[in-house]
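A.B. asks: Can you keep this structure in mind? I'll have questions shortly.
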Amino acid sequence: MAPRSADAWARVLAALRASPAAFVARAGAEALAAELLSELRSERLSEPTKVSLLVVILEFPTQLWPDPAAAEAAASTLLDTLGLLPPRPAGLRRPLLLAITSVLAACGALGPASAATSRLLPMLLQAATGRATGLEQRALQATASECLRELESCRPGLLAGQLGLLRALQDTLSTQSHCLLLVLALRNALRALAWAGPRAPDGLHRLLAARPEGPQHGERQAWDWSLKAPGAQWAGPWDWTLAGEDVWDWAGPSGQEVPWPEQGPGPLDLTPPEARELRATVSQLLDTSYLLTPPAQAQMLQQLSQVLRAVRGQPPALLKPQLVRLLGTARVSLLHTVLALKDAFGEALFTAQDEALLLRRLVGAAQHPALPPPARLFYLHCLLHFPENWPLGAVGEEAAPVLLTASLATGLLPSLLQEPPDLLARLHLLCLLCGEELGSDGSRDCHGTEDRALSYLQSLLASLRQGAAQPGGPQSSATLCFRASYLATRCLASHPGALAQLTDGLAALYRARPCLAPHFVDLLEQAGAELAEPLGKALQQVVVEGAGGAQALQWHLQILTKVAGGQPLGPTLGFLWAALGKGGDWAREQALLRACRALLRGTGLGGAAPRDLANLLQELARSLDDPDGRDRARLYYSLFTHLSGPKLGSALGPTRSTPMLCSSLVEENVGFASALTVQEARAPLQLRRAPQRPREPRVVLGLTVEASEILYSLELRFRVLGPHYEALEAVRVPCLRPGAAPKLLLLPLEPRRPYPALLDISVLYATPSGLTCYTQLPSFPIAFADLFLPLLPCAFQELWASCLPGGVESCMWGPWQGQALETLVTKHWEPFIVSATPPTSYQVAIFLPPSSHLLLQLEATGEEGVRVALRTDDWAILPLAGQYLRGLGAVA
């Protein structure tokens, strides 16, 4: 094979990353790996190209060398390549060290019998512990330390014999990489000594006090392969959890569980000299933690806490100065570590004042308007899972923090204008607070602020149900409503009085929109018996009333199939008789049969119910149009009249499906058969969004399509997910060639409602070899802003006044000032501006097909930002408009 150029390698690596398994299977792992190793020594390729080859080795070592012996040989070849580098600074030295470490660790070749390991470990230790004067040497030193950390993580206890050397380096180097390497080696050495028991070969004092000069000081002392759990054949990573019991999990090189003793080792007992050495080492590390980056500090504190918990009699008071410093931190990673320390040590480290201060900080940060939404969600998550000094209730029971009262959490009340994740997290916290205020009978235990919180929760749930009940409303509103209902059900499950209003509201929601039956089925499956029983009864009552007419019959049958077994049979059978008289297509007949099957599997058949159900099954066997349906009805009738209740439920219960056997009667030529079959493959093409053209009279979504291979006769099929858009026609492209100008596709959208959606895209195309292929491309989002169209010349004030009282008005605040506001308006709303007084005042009018309007008035308020007033004649788009404006604020 001719050597590849840099551009050819770029295409090969792109194809490999697109589908690693398929590419390796097509090209051959052995051939590809050999070519990569050979090209690393080639003089033709530039250094950046070789670095890209090493990055691929880092990403896919197990695909290239699935066998440990092959990985051992590859690591030896990479070590030889490293030895050929000139002594001058080279950019390949660090990627080569990383690649060798990755190959040995990921492919199972790391071990005392590995020649490559024996060559790599002294090299890494020498590079990590040597004097670094220049920038290149310091970077190489940090990389070597990272490689040692990786090997120590894969083989805990490997660096136990080097603890003295690593500790001595703290006095001279004290870099971040050395600190993290020392604390990891110390933690693993303590655990390994605990496994070794009282007759450990080296005590902790000897390990910490020893000062070997380097890896040549003695191979057995430098690399200890014996410190592992009894009965383990391979020393894999340990699970160092901070919370809960002291349990150490084990995983082999390929993820399989390796047998461990039934009970892990207890805390390690240290002698007084060993305890003094340990405290001195921990104090030394804590003193240098100020110089580390926040993520490195968080990792070090977490591992030091594990060190203190691994030995007996070591109080966590050593961490108190760090805790005093970190209680005021604004770094998310450090705050997460503080909560982990609180979970690990509780009141042994945190006083009641510390807990109250931490709780107030979380409450304040969770409602800070300047923080990005992910950060606020993190703080809300911390409040929902706050580790307390004195937890109430059973272990694992969900509850709000004891010191978090309803008055303190007033600023965390959910609102309909918030993003769904933020709204759900706040609603979850509010439900937990309200659940503590209710007695077992649903009565209020307290009044005042707590009373108002419960009333606010009920009104918010009612508003969500009202939004979900609107005909033609977006699917996201219904999903949000049911997720909120599930949270309320889980938090108020022990209070039947509080669930009664929720049950009535959900029943009213189903009466208004029976098409939400799949959501109700999911809620009945996920909710406990406290809600499933009353809600099932209420839904059955709505079904037998025939709400929604014939159009809702399929949804009613779906609900009956779920609740039929536990509800009275008389009304259900009457409804099924009425549904049978209406006739229907095959789908309705199948739904009737499923409902009858659910009745047969239920219990409590008595009185006239068996006779009526048998008559219904006989009628189905006579009147159904589908022969298979009639056969099923006869089978149900036979089983019902000949089997007892328990046997009938077992016979009609779910069974394990048996896979169909593939026919082997005909063996045709594989190439001929594949040529006549549409192959499912990954299309070598990419779709991107084209610049929007707001001056056009209709909504047009522009897409550009490019291909990395030659494709013929492409047919792109588009389908908008959801009921809010008209169907789109397929687009045909005769040919696509790599390197050619992107093909522009203009998709005219006809919204029934102005809601964002996802565009499902599938492609059918032919390859130069004559194969016809089919692929499913990633869904493409249709944003809310894609639907904006300019209005015809109009009087803005008249249109603004006409939106009320029938329309909706809202106010928001935007963090834009001066030139930033003018730039934002020019970039996003220039085609929609009706009048403007730059740079302080703008009036924007947007038309959203088919018949909605969105009006904006922007008024700058000096240094405070911009006041944005919104009016619309379609209330359902108000949350979408708020989300769109908040997105612009986040970008700004």
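Ordering of the structure tokens sets the chain letters (A, B, ...), residue numbers begin anew at 1 in every chain, and ligands are numbered from 1 in the order given.
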According to DSSP computed on the backbone, where in segment 58-92 of chain A is there helix (DSSP H, G or I)? Give the residues as a list in words.

C.D. replies: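 Of segment 58-92 of chain A, only Leu58, Glu59, Pro61, Thr62, Gln63, Leu64, Pro68, Ala69, Ala70, Ala71, Glu72, Ala73, Ala74, Ala75, Ser76, Thr77, Leu78, Leu79, Asp80, Thr81, Leu82 and Gly83 of chain A fall in helix (DSSP H, G or I).
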
A.B. asks: Based on the selection just made, write N, CA, C and O atoms of those residues as a PDB file, in the first residue's frame.

C.D. replies:
ATOM      1  N   LEU A  58      -4.798   6.946  21.486  1.00  0.00           N
ATOM      2  CA  LEU A  58      -5.346   7.214  22.826  1.00  0.00           C
ATOM      3  C   LEU A  58      -6.843   6.950  22.885  1.00  0.00           C
ATOM      4  O   LEU A  58      -7.361   6.483  23.906  1.00  0.00           O
ATOM      5  N   GLU A  59      -7.563   7.259  21.814  1.00  0.00           N
ATOM      6  CA  GLU A  59      -9.017   7.129  21.823  1.00  0.00           C
ATOM      7  C   GLU A  59      -9.475   5.683  21.631  1.00  0.00           C
ATOM      8  O   GLU A  59     -10.462   5.260  22.230  1.00  0.00           O
ATOM      9  N   PRO A  61      -7.609   2.387  21.828  1.00  0.00           N
ATOM     10  CA  PRO A  61      -6.579   1.350  21.994  1.00  0.00           C
ATOM     11  C   PRO A  61      -7.149  -0.061  21.963  1.00  0.00           C
ATOM     12  O   PRO A  61      -6.542  -0.974  21.391  1.00  0.00           O
ATOM     13  N   THR A  62      -8.325  -0.270  22.562  1.00  0.00           N
ATOM     14  CA  THR A  62      -8.880  -1.629  22.602  1.00  0.00           C
ATOM     15  C   THR A  62      -9.369  -2.093  21.242  1.00  0.00           C
ATOM     16  O   THR A  62      -9.389  -3.294  20.969  1.00  0.00           O
ATOM     17  N   GLN A  63      -9.790  -1.175  20.380  1.00  0.00           N
ATOM     18  CA  GLN A  63     -10.195  -1.576  19.031  1.00  0.00           C
ATOM     19  C   GLN A  63      -8.986  -1.925  18.165  1.00  0.00           C
ATOM     20  O   GLN A  63      -9.073  -2.807  17.314  1.00  0.00           O
ATOM     21  N   LEU A  64      -7.874  -1.244  18.394  1.00  0.00           N
ATOM     22  CA  LEU A  64      -6.690  -1.503  17.582  1.00  0.00           C
ATOM     23  C   LEU A  64      -5.926  -2.734  18.054  1.00  0.00           C
ATOM     24  O   LEU A  64      -5.375  -3.484  17.245  1.00  0.00           O
ATOM     25  N   PRO A  68      -3.971  -8.728  24.637  1.00  0.00           N
ATOM     26  CA  PRO A  68      -2.896  -8.171  25.475  1.00  0.00           C
ATOM     27  C   PRO A  68      -1.512  -8.376  24.885  1.00  0.00           C
ATOM     28  O   PRO A  68      -0.637  -7.509  25.027  1.00  0.00           O
ATOM     29  N   ALA A  69      -1.273  -9.520  24.216  1.00  0.00           N
ATOM     30  CA  ALA A  69       0.047  -9.743  23.621  1.00  0.00           C
ATOM     31  C   ALA A  69       0.322  -8.732  22.512  1.00  0.00           C
ATOM     32  O   ALA A  69       1.443  -8.195  22.396  1.00  0.00           O
ATOM     33  N   ALA A  70      -0.683  -8.458  21.683  1.00  0.00           N
ATOM     34  CA  ALA A  70      -0.512  -7.449  20.633  1.00  0.00           C
ATOM     35  C   ALA A  70      -0.305  -6.063  21.237  1.00  0.00           C
ATOM     36  O   ALA A  70       0.488  -5.257  20.720  1.00  0.00           O
ATOM     37  N   ALA A  71      -1.008  -5.767  22.312  1.00  0.00           N
ATOM     38  CA  ALA A  71      -0.815  -4.476  22.980  1.00  0.00           C
ATOM     39  C   ALA A  71       0.585  -4.361  23.561  1.00  0.00           C
ATOM     40  O   ALA A  71       1.199  -3.282  23.525  1.00  0.00           O
ATOM     41  N   GLU A  72       1.107  -5.453  24.117  1.00  0.00           N
ATOM     42  CA  GLU A  72       2.478  -5.446  24.629  1.00  0.00           C
ATOM     43  C   GLU A  72       3.485  -5.135  23.521  1.00  0.00           C
ATOM     44  O   GLU A  72       4.397  -4.313  23.688  1.00  0.00           O
ATOM     45  N   ALA A  73       3.301  -5.774  22.375  1.00  0.00           N
ATOM     46  CA  ALA A  73       4.204  -5.515  21.254  1.00  0.00           C
ATOM     47  C   ALA A  73       4.070  -4.076  20.754  1.00  0.00           C
ATOM     48  O   ALA A  73       5.073  -3.427  20.406  1.00  0.00           O
ATOM     49  N   ALA A  74       2.845  -3.554  20.702  1.00  0.00           N
ATOM     50  CA  ALA A  74       2.647  -2.173  20.259  1.00  0.00           C
ATOM     51  C   ALA A  74       3.292  -1.190  21.221  1.00  0.00           C
ATOM     52  O   ALA A  74       3.914  -0.199  20.801  1.00  0.00           O
ATOM     53  N   ALA A  75       3.171  -1.443  22.536  1.00  0.00           N
ATOM     54  CA  ALA A  75       3.809  -0.556  23.511  1.00  0.00           C
ATOM     55  C   ALA A  75       5.323  -0.578  23.373  1.00  0.00           C
ATOM     56  O   ALA A  75       5.984   0.466  23.501  1.00  0.00           O
ATOM     57  N   SER A  76       5.902  -1.752  23.104  1.00  0.00           N
ATOM     58  CA  SER A  76       7.350  -1.834  22.900  1.00  0.00           C
ATOM     59  C   SER A  76       7.768  -1.036  21.667  1.00  0.00           C
ATOM     60  O   SER A  76       8.800  -0.336  21.677  1.00  0.00           O
ATOM     61  N   THR A  77       6.969  -1.122  20.590  1.00  0.00           N
ATOM     62  CA  THR A  77       7.278  -0.347  19.390  1.00  0.00           C
ATOM     63  C   THR A  77       7.201   1.154  19.660  1.00  0.00           C
ATOM     64  O   THR A  77       8.050   1.932  19.192  1.00  0.00           O
ATOM     65  N   LEU A  78       6.198   1.579  20.416  1.00  0.00           N
ATOM     66  CA  LEU A  78       6.078   3.002  20.755  1.00  0.00           C
ATOM     67  C   LEU A  78       7.232   3.450  21.639  1.00  0.00           C
ATOM     68  O   LEU A  78       7.718   4.588  21.518  1.00  0.00           O
ATOM     69  N   LEU A  79       7.699   2.583  22.533  1.00  0.00           N
ATOM     70  CA  LEU A  79       8.854   2.927  23.358  1.00  0.00           C
ATOM     71  C   LEU A  79      10.108   3.069  22.505  1.00  0.00           C
ATOM     72  O   LEU A  79      10.950   3.957  22.745  1.00  0.00           O
ATOM     73  N   ASP A  80      10.252   2.209  21.504  1.00  0.00           N
ATOM     74  CA  ASP A  80      11.382   2.348  20.595  1.00  0.00           C
ATOM     75  C   ASP A  80      11.307   3.661  19.819  1.00  0.00           C
ATOM     76  O   ASP A  80      12.331   4.333  19.601  1.00  0.00           O
ATOM     77  N   THR A  81      10.105   4.019  19.395  1.00  0.00           N
ATOM     78  CA  THR A  81       9.932   5.303  18.706  1.00  0.00           C
ATOM     79  C   THR A  81      10.281   6.464  19.621  1.00  0.00           C
ATOM     80  O   THR A  81      10.905   7.452  19.183  1.00  0.00           O
ATOM     81  N   LEU A  82       9.920   6.355  20.890  1.00  0.00           N
ATOM     82  CA  LEU A  82      10.270   7.402  21.852  1.00  0.00           C
ATOM     83  C   LEU A  82      11.780   7.509  22.010  1.00  0.00           C
ATOM     84  O   LEU A  82      12.329   8.613  22.146  1.00  0.00           O
ATOM     85  N   GLY A  83      12.469   6.373  21.998  1.00  0.00           N
ATOM     86  CA  GLY A  83      13.919   6.409  22.128  1.00  0.00           C
ATOM     87  C   GLY A  83      14.626   7.008  20.927  1.00  0.00           C
ATOM     88  O   GLY A  83      15.782   7.440  21.034  1.00  0.00           O
TER      89      GLY A  83
END

A.B. asks: With the cut-off set at 12 Å and counting only C-alpha atoms, tabulate each residue of segment 707-753 of chain A with an atom at most that distance from an atom of segment 770-773 of chain A, showing the nearest atom pair and its distance in Å to one decimal, ordered by chain and increasing number, as CSV.

C.D. replies:
residue,atom,partner,partner_atom,distance
A:Ile710,CA,A:Gly770,CA,11.8
A:Leu711,CA,A:Cys773,CA,10.1
A:Tyr712,CA,A:Thr772,CA,9.5
A:Ser713,CA,A:Thr772,CA,9.5
A:Leu714,CA,A:Cys773,CA,9.7
A:Glu715,CA,A:Cys773,CA,10.7

A.B. asks: For Ala757 of chain A, which residue among A:His178, A:Leu854, A:Gly739, A:Ser476 is the nearest when counting only C-alpha atoms?

C.D. replies: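 Counting only C-alpha atoms, the residue closest to Ala757 of chain A is A:Ser476.
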
A.B. asks: Which residue, A:Ala498, A:Pro321, A:Pro518, A:Lys562, has the smallest gap to Ala532 of chain A when you use only C-alpha atoms?

C.D. replies: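 The closest residue to Ala532 of chain A is A:Lys562.
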
A.B. asks: Rounded to one decimal, what separation in Å do you get between atom CA of Ser852 of chain A and atom CA of Leu721 of chain A?

C.D. replies: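 Pair atom CA of Ser852 of chain A / atom CA of Leu721 of chain A returns 21.0 Å.
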
A.B. asks: Neighbours of Gly536 of chain A within 9 Å (only C-alpha atoms; same-chain residues fewer than 4 positions away dropped), as a ChimeraX atom specification?

C.D. replies: /A:524,531-532,540-541,559-560,562-564,566-567
